[in-house]
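Report on one structure; see the data block that follows.
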Amino acid sequence: MVIRLRKGFLIAVSVCLTVLLVTAVLIRTAAHTPAVSAASGGAAEERDLPVIMYHQLTDMASHAGDYVLTAQQFEADMRYICARGYTSVTTQQLIDYANGRSDLPEKPILITFDDGYESFIPFALPILEELDMYAVISVIGSVAQTYTDHEDHHVQYSHLSWEAIGELARNPHVEIGNHTYDLHRLDGGRKGCKIKSGEDPATYKAMLTRDLTQVQDLVRQYTGTAPKTFAYPFGARCSQSAEVLREMGFQVVLTCAEQVNHITNRSADWLFELGRFNRPSGKTSEQFFKNILS
């Protein structure tokens with residue numbers, strides 16, 4: 001009887017020691033395991049997201065300027081970004097990350113083009129395809145309509161027609177964004193789509209909704225999908241415009257504030273005010289990205 005009690009006691013002690021050992025191993029392993037994404041219930045994390053803003057590209061150095069970059073320099077930029085370990089991402093990846101559905105590459109970067117110049121096709125698209133990178137092209141609806149009604153193909157000044165926009169939208173490396181239909185201007189006392197001083201808020205909101213809806217409808221007509229990204233002309237914005245964008249269902253909003261974005265997988269608020277760095281000519285890739293890429 002005594003022998004059986006001693007044997008039972010020894011077994012119990014052995015089991016307890018085993019449980020303690022396993023628990024210690026699990027605690028030690030957990031302490032050295034990186035936090036998982038929010039999609040699997042892990043801890044919140046933060047990243048830096050630089051966003052670069054391009055406009056027109058050219059094969060003539062004499063045409064380069066603050067909003068025109070040579071095709072050679074654009075290619076150098078893309079290769080420099082890759083060499084520094086950055087990964088080009090889509091806006092859908094950003095949306096999924098902000099809502100805790102998936103993770104992002106360690107060093108994400110977003111490439112954007114404003115105004116919808118036709119020079120994107122020969123000068124940017126082949127490099128993006130070669131390097132497996134992505135870009136958002138935010139188009140001005142009235143300008144796209146002009147080049148649709150009056151066909152004119154000149155790489156130094158032409159804009160994309162609706163047919164060309166539809167073709168680009170079928171390329172997995174390209175996303176089409178909304179840059180207003182007819183508010184990319186500085187006249188009549190209005191700057192871009194910003195509310196005028198003293199303007200009735202209700203009248204303003206109705207005007208902006210009509211303008212943006214024109215682009216949404218036309219892009220949907222030619223591509224099958226309405227844009228989820230909006231780019232402010234000149235970066236001019238106001239609280240009333242932000243309200244309209246949210247009501248219309250836009251999920252990503254691009255500003256012109258030159259700052260690296262600090263993003264998190266626990267909130268989508270940052271998606272509505274992404275800062276961007278305009279890329280002018282006159283600087284090497286290393287000089288331009290010096291204070292942008294970590």
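Ordering of the structure tokens sets the chain letters (A, B, ...), residue numbers begin anew at 1 in every chain, and ligands are numbered from 1 in the order given.
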So which residues touch A:Arg185 within 12 Å, counting only C-alpha atoms, skipping near sequence neighbours fewer than 3 positions away, as a VMD selection string? chain A and resid 115 140 142 to 143 179 to 182 188 to 194 232 to 236
Going by DSSP on the backbone, which bits of stretch 93-168 of chain A are alpha helix (DSSP H)? Write them as a PyMOL selection string, please. chain A and resi 93-98+120-123+125-131+141-149+162-168
The selected residues should be written to file as a CSV table (one decimal), in the first residue's frame (atoms: C-alpha atoms).
chain,number,residue,atom,x,y,z
A,93,GLN,CA,-3.4,46.7,-49.7
A,94,LEU,CA,-3.5,49.9,-47.6
A,95,ILE,CA,-7.3,49.5,-47.1
A,96,ASP,CA,-6.9,45.9,-46.0
A,97,TYR,CA,-4.1,46.8,-43.6
A,98,ALA,CA,-5.9,49.7,-42.1
A,120,PHE,CA,2.5,57.5,-68.6
A,121,ILE,CA,1.9,54.7,-71.2
A,122,PRO,CA,5.3,54.8,-73.0
A,123,PHE,CA,7.5,56.0,-70.2
A,125,LEU,CA,4.1,51.6,-67.5
A,126,PRO,CA,7.0,49.4,-68.9
A,127,ILE,CA,9.1,50.1,-65.9
A,128,LEU,CA,6.3,49.4,-63.5
A,129,GLU,CA,5.6,46.1,-65.2
A,130,GLU,CA,9.3,45.1,-65.3
A,131,LEU,CA,9.8,45.8,-61.6
A,141,GLY,CA,-12.7,64.1,-66.1
A,142,SER,CA,-13.2,67.2,-68.4
A,143,VAL,CA,-9.7,66.8,-69.8
A,144,ALA,CA,-10.2,63.1,-70.5
A,145,GLN,CA,-13.4,64.0,-72.3
A,146,THR,CA,-11.7,66.7,-74.4
A,147,TYR,CA,-9.1,64.1,-75.6
A,148,THR,CA,-11.9,61.6,-76.2
A,149,ASP,CA,-13.9,64.1,-78.3
A,162,TRP,CA,-11.5,57.5,-71.7
A,163,GLU,CA,-10.7,54.6,-74.0
A,164,ALA,CA,-7.0,54.7,-73.0
A,165,ILE,CA,-8.1,54.9,-69.3
A,166,GLY,CA,-10.3,51.9,-69.8
A,167,GLU,CA,-7.3,50.0,-71.3
A,168,LEU,CA,-5.0,51.0,-68.5
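Remark: for A:Tyr157, the closest of the candidate residues A:Gly249, A:Pro280, A:Gly116, A:Gly177 is A:Gly116 (distances computed over only C-alpha atoms).
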Between A:Leu57, A:Met133, A:Phe113, A:Leu254, smallest distance to A:Tyr86 by only C-alpha atoms belongs to A:Met133
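For the set A:Leu104, A:Met53, A:Leu183, A:Val219, the residue with the smallest atom-to-atom gap to A:Asp66 is A:Met53, counting only C-alpha atoms.
We find atom CA of A:Gly198 and atom CA of A:Met248 to be spaced 24.0 Å apart.
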If you count only C-alpha atoms, which residues fall within 12 Å of A:His63, apart from same-chain ones fewer than 4 positions away, as a list in words? Gln56, Leu57, Thr58, Asp59, Tyr67, Val68, Leu69, Thr70, Ala71, Val155, Gln156, Tyr157, Pro280, Ser281 and Gly282 of chain A
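Taking only C-alpha atoms, the non-local environment of A:Asn265 within 9 Å (same-chain residues fewer than 4 positions away omitted) comprises Ser37, Ala38, Ala39, Ala44, Glu45, Glu46, Arg47, Asp96, Tyr97, Ala98, Asn99, Gly100, Arg101, Ser102 and Asp103 of chain A.
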Dump as a PDB file, in the first residue's frame, selection limited to N, CA and C atoms:
ATOM      1  N   SER A  37      -0.236  40.251 -37.229  1.00  0.00           N
ATOM      2  CA  SER A  37      -1.067  41.348 -37.696  1.00  0.00           C
ATOM      3  C   SER A  37      -2.398  41.368 -36.962  1.00  0.00           C
ATOM      4  N   ALA A  38      -3.075  42.532 -37.100  1.00  0.00           N
ATOM      5  CA  ALA A  38      -4.363  42.682 -36.427  1.00  0.00           C
ATOM      6  C   ALA A  38      -5.388  41.694 -36.948  1.00  0.00           C
ATOM      7  N   ALA A  39      -5.161  41.210 -38.190  1.00  0.00           N
ATOM      8  CA  ALA A  39      -6.126  40.276 -38.772  1.00  0.00           C
ATOM      9  C   ALA A  39      -6.261  39.020 -37.938  1.00  0.00           C
ATOM     10  N   ALA A  44      -1.369  46.010 -32.040  1.00  0.00           N
ATOM     11  CA  ALA A  44      -1.352  47.073 -33.033  1.00  0.00           C
ATOM     12  C   ALA A  44       0.082  47.361 -33.442  1.00  0.00           C
ATOM     13  N   GLU A  45       0.256  47.754 -34.702  1.00  0.00           N
ATOM     14  CA  GLU A  45       1.580  48.100 -35.180  1.00  0.00           C
ATOM     15  C   GLU A  45       1.505  49.374 -35.999  1.00  0.00           C
ATOM     16  N   GLU A  46       2.645  50.015 -36.200  1.00  0.00           N
ATOM     17  CA  GLU A  46       2.714  51.229 -36.980  1.00  0.00           C
ATOM     18  C   GLU A  46       3.805  51.099 -38.034  1.00  0.00           C
ATOM     19  N   ARG A  47       3.609  51.761 -39.156  1.00  0.00           N
ATOM     20  CA  ARG A  47       4.579  51.774 -40.239  1.00  0.00           C
ATOM     21  C   ARG A  47       4.729  53.199 -40.761  1.00  0.00           C
ATOM     22  N   ASP A  96      -6.888  47.177 -46.753  1.00  0.00           N
ATOM     23  CA  ASP A  96      -6.947  45.924 -45.994  1.00  0.00           C
ATOM     24  C   ASP A  96      -6.110  46.005 -44.727  1.00  0.00           C
ATOM     25  N   TYR A  97      -4.952  46.636 -44.817  1.00  0.00           N
ATOM     26  CA  TYR A  97      -4.083  46.789 -43.642  1.00  0.00           C
ATOM     27  C   TYR A  97      -4.754  47.674 -42.588  1.00  0.00           C
ATOM     28  N   ALA A  98      -5.315  48.798 -43.009  1.00  0.00           N
ATOM     29  CA  ALA A  98      -5.948  49.728 -42.070  1.00  0.00           C
ATOM     30  C   ALA A  98      -7.119  49.090 -41.335  1.00  0.00           C
ATOM     31  N   ASN A  99      -7.773  48.150 -41.995  1.00  0.00           N
ATOM     32  CA  ASN A  99      -8.926  47.485 -41.390  1.00  0.00           C
ATOM     33  C   ASN A  99      -8.574  46.148 -40.753  1.00  0.00           C
ATOM     34  N   GLY A 100      -7.261  45.881 -40.582  1.00  0.00           N
ATOM     35  CA  GLY A 100      -6.821  44.697 -39.868  1.00  0.00           C
ATOM     36  C   GLY A 100      -7.038  43.397 -40.591  1.00  0.00           C
ATOM     37  N   ARG A 101      -7.160  43.451 -41.924  1.00  0.00           N
ATOM     38  CA  ARG A 101      -7.429  42.223 -42.676  1.00  0.00           C
ATOM     39  C   ARG A 101      -6.169  41.547 -43.194  1.00  0.00           C
ATOM     40  N   SER A 102      -5.089  42.315 -43.337  1.00  0.00           N
ATOM     41  CA  SER A 102      -3.842  41.730 -43.833  1.00  0.00           C
ATOM     42  C   SER A 102      -2.678  42.625 -43.445  1.00  0.00           C
ATOM     43  N   ASP A 103      -1.468  42.118 -43.642  1.00  0.00           N
ATOM     44  CA  ASP A 103      -0.267  42.856 -43.303  1.00  0.00           C
ATOM     45  C   ASP A 103       0.249  43.588 -44.537  1.00  0.00           C
TER      46      ASP A 103
END
Mind checking which residues fall within 12 Å of A:Thr91, counting only C-alpha atoms, ignoring those fewer than 5 positions away in the same chain, and posting them as an MDAnalysis selection string? chainID A and resid 49 51 96:98 104 108:112 134:137 173:177 227:230 250:254 271:272 274
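Neighbours of A:Phe288 closer than or equal to 12 Å, with only C-alpha atoms counted and sequence neighbours fewer than 6 positions away skipped, come out as Ile52, Gln73, Phe74, Ala76, Asp77, Tyr80, Ile81, Phe277, Asn278, Arg279, Pro280, Ser281 and Gly282 of chain A.
One distance worth recording is that between atom CA of A:Ile263 and atom CA of A:Ile292, which is 15.1 Å.
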Using DSSP assignments from the backbone, pull out every residue in stretch 81-269 of chain A that falls under strand (DSSP E or B) and give it to me as a ChimeraX atom specification. /A:87-88,108-115,117,135-139,159,174-178,229-231,252-254,261-264
Quick one: write out the picked residues with C-alpha atoms as a PDB file, in the first residue's frame?
ATOM      1  CA  THR A  87       7.915  47.549 -51.964  1.00  0.00           C
ATOM      2  CA  SER A  88       5.329  49.330 -54.083  1.00  0.00           C
ATOM      3  CA  PRO A 108       5.804  49.989 -48.258  1.00  0.00           C
ATOM      4  CA  ILE A 109       5.641  52.912 -50.693  1.00  0.00           C
ATOM      5  CA  LEU A 110       2.771  54.277 -52.810  1.00  0.00           C
ATOM      6  CA  ILE A 111       3.397  55.692 -56.309  1.00  0.00           C
ATOM      7  CA  THR A 112       0.871  58.184 -57.698  1.00  0.00           C
ATOM      8  CA  PHE A 113       0.390  60.155 -60.921  1.00  0.00           C
ATOM      9  CA  ASP A 114      -1.882  63.204 -61.124  1.00  0.00           C
ATOM     10  CA  ASP A 115      -3.748  64.682 -64.112  1.00  0.00           C
ATOM     11  CA  TYR A 117      -1.015  62.429 -68.964  1.00  0.00           C
ATOM     12  CA  ALA A 135       0.709  53.302 -59.573  1.00  0.00           C
ATOM     13  CA  VAL A 136      -2.492  55.272 -59.059  1.00  0.00           C
ATOM     14  CA  ILE A 137      -3.390  57.609 -61.952  1.00  0.00           C
ATOM     15  CA  SER A 138      -5.897  60.251 -60.853  1.00  0.00           C
ATOM     16  CA  VAL A 139      -7.632  61.655 -63.937  1.00  0.00           C
ATOM     17  CA  HIS A 159      -3.822  63.465 -71.810  1.00  0.00           C
ATOM     18  CA  VAL A 174      -2.520  50.493 -62.602  1.00  0.00           C
ATOM     19  CA  GLU A 175      -5.376  51.946 -60.579  1.00  0.00           C
ATOM     20  CA  ILE A 176      -7.573  54.820 -61.731  1.00  0.00           C
ATOM     21  CA  GLY A 177      -8.336  57.617 -59.271  1.00  0.00           C
ATOM     22  CA  ASN A 178     -10.667  60.642 -59.280  1.00  0.00           C
ATOM     23  CA  THR A 229      -9.171  56.937 -54.499  1.00  0.00           C
ATOM     24  CA  PHE A 230      -9.450  60.718 -54.716  1.00  0.00           C
ATOM     25  CA  ALA A 231      -6.620  63.235 -55.207  1.00  0.00           C
ATOM     26  CA  VAL A 252      -8.292  56.708 -49.936  1.00  0.00           C
ATOM     27  CA  VAL A 253      -7.696  60.474 -50.165  1.00  0.00           C
ATOM     28  CA  LEU A 254      -4.438  61.970 -51.429  1.00  0.00           C
ATOM     29  CA  ASN A 261       2.650  59.103 -43.343  1.00  0.00           C
ATOM     30  CA  HIS A 262       2.627  57.207 -40.040  1.00  0.00           C
ATOM     31  CA  ILE A 263       0.047  54.473 -40.481  1.00  0.00           C
ATOM     32  CA  THR A 264      -1.479  51.826 -38.242  1.00  0.00           C
TER      33      THR A 264
END
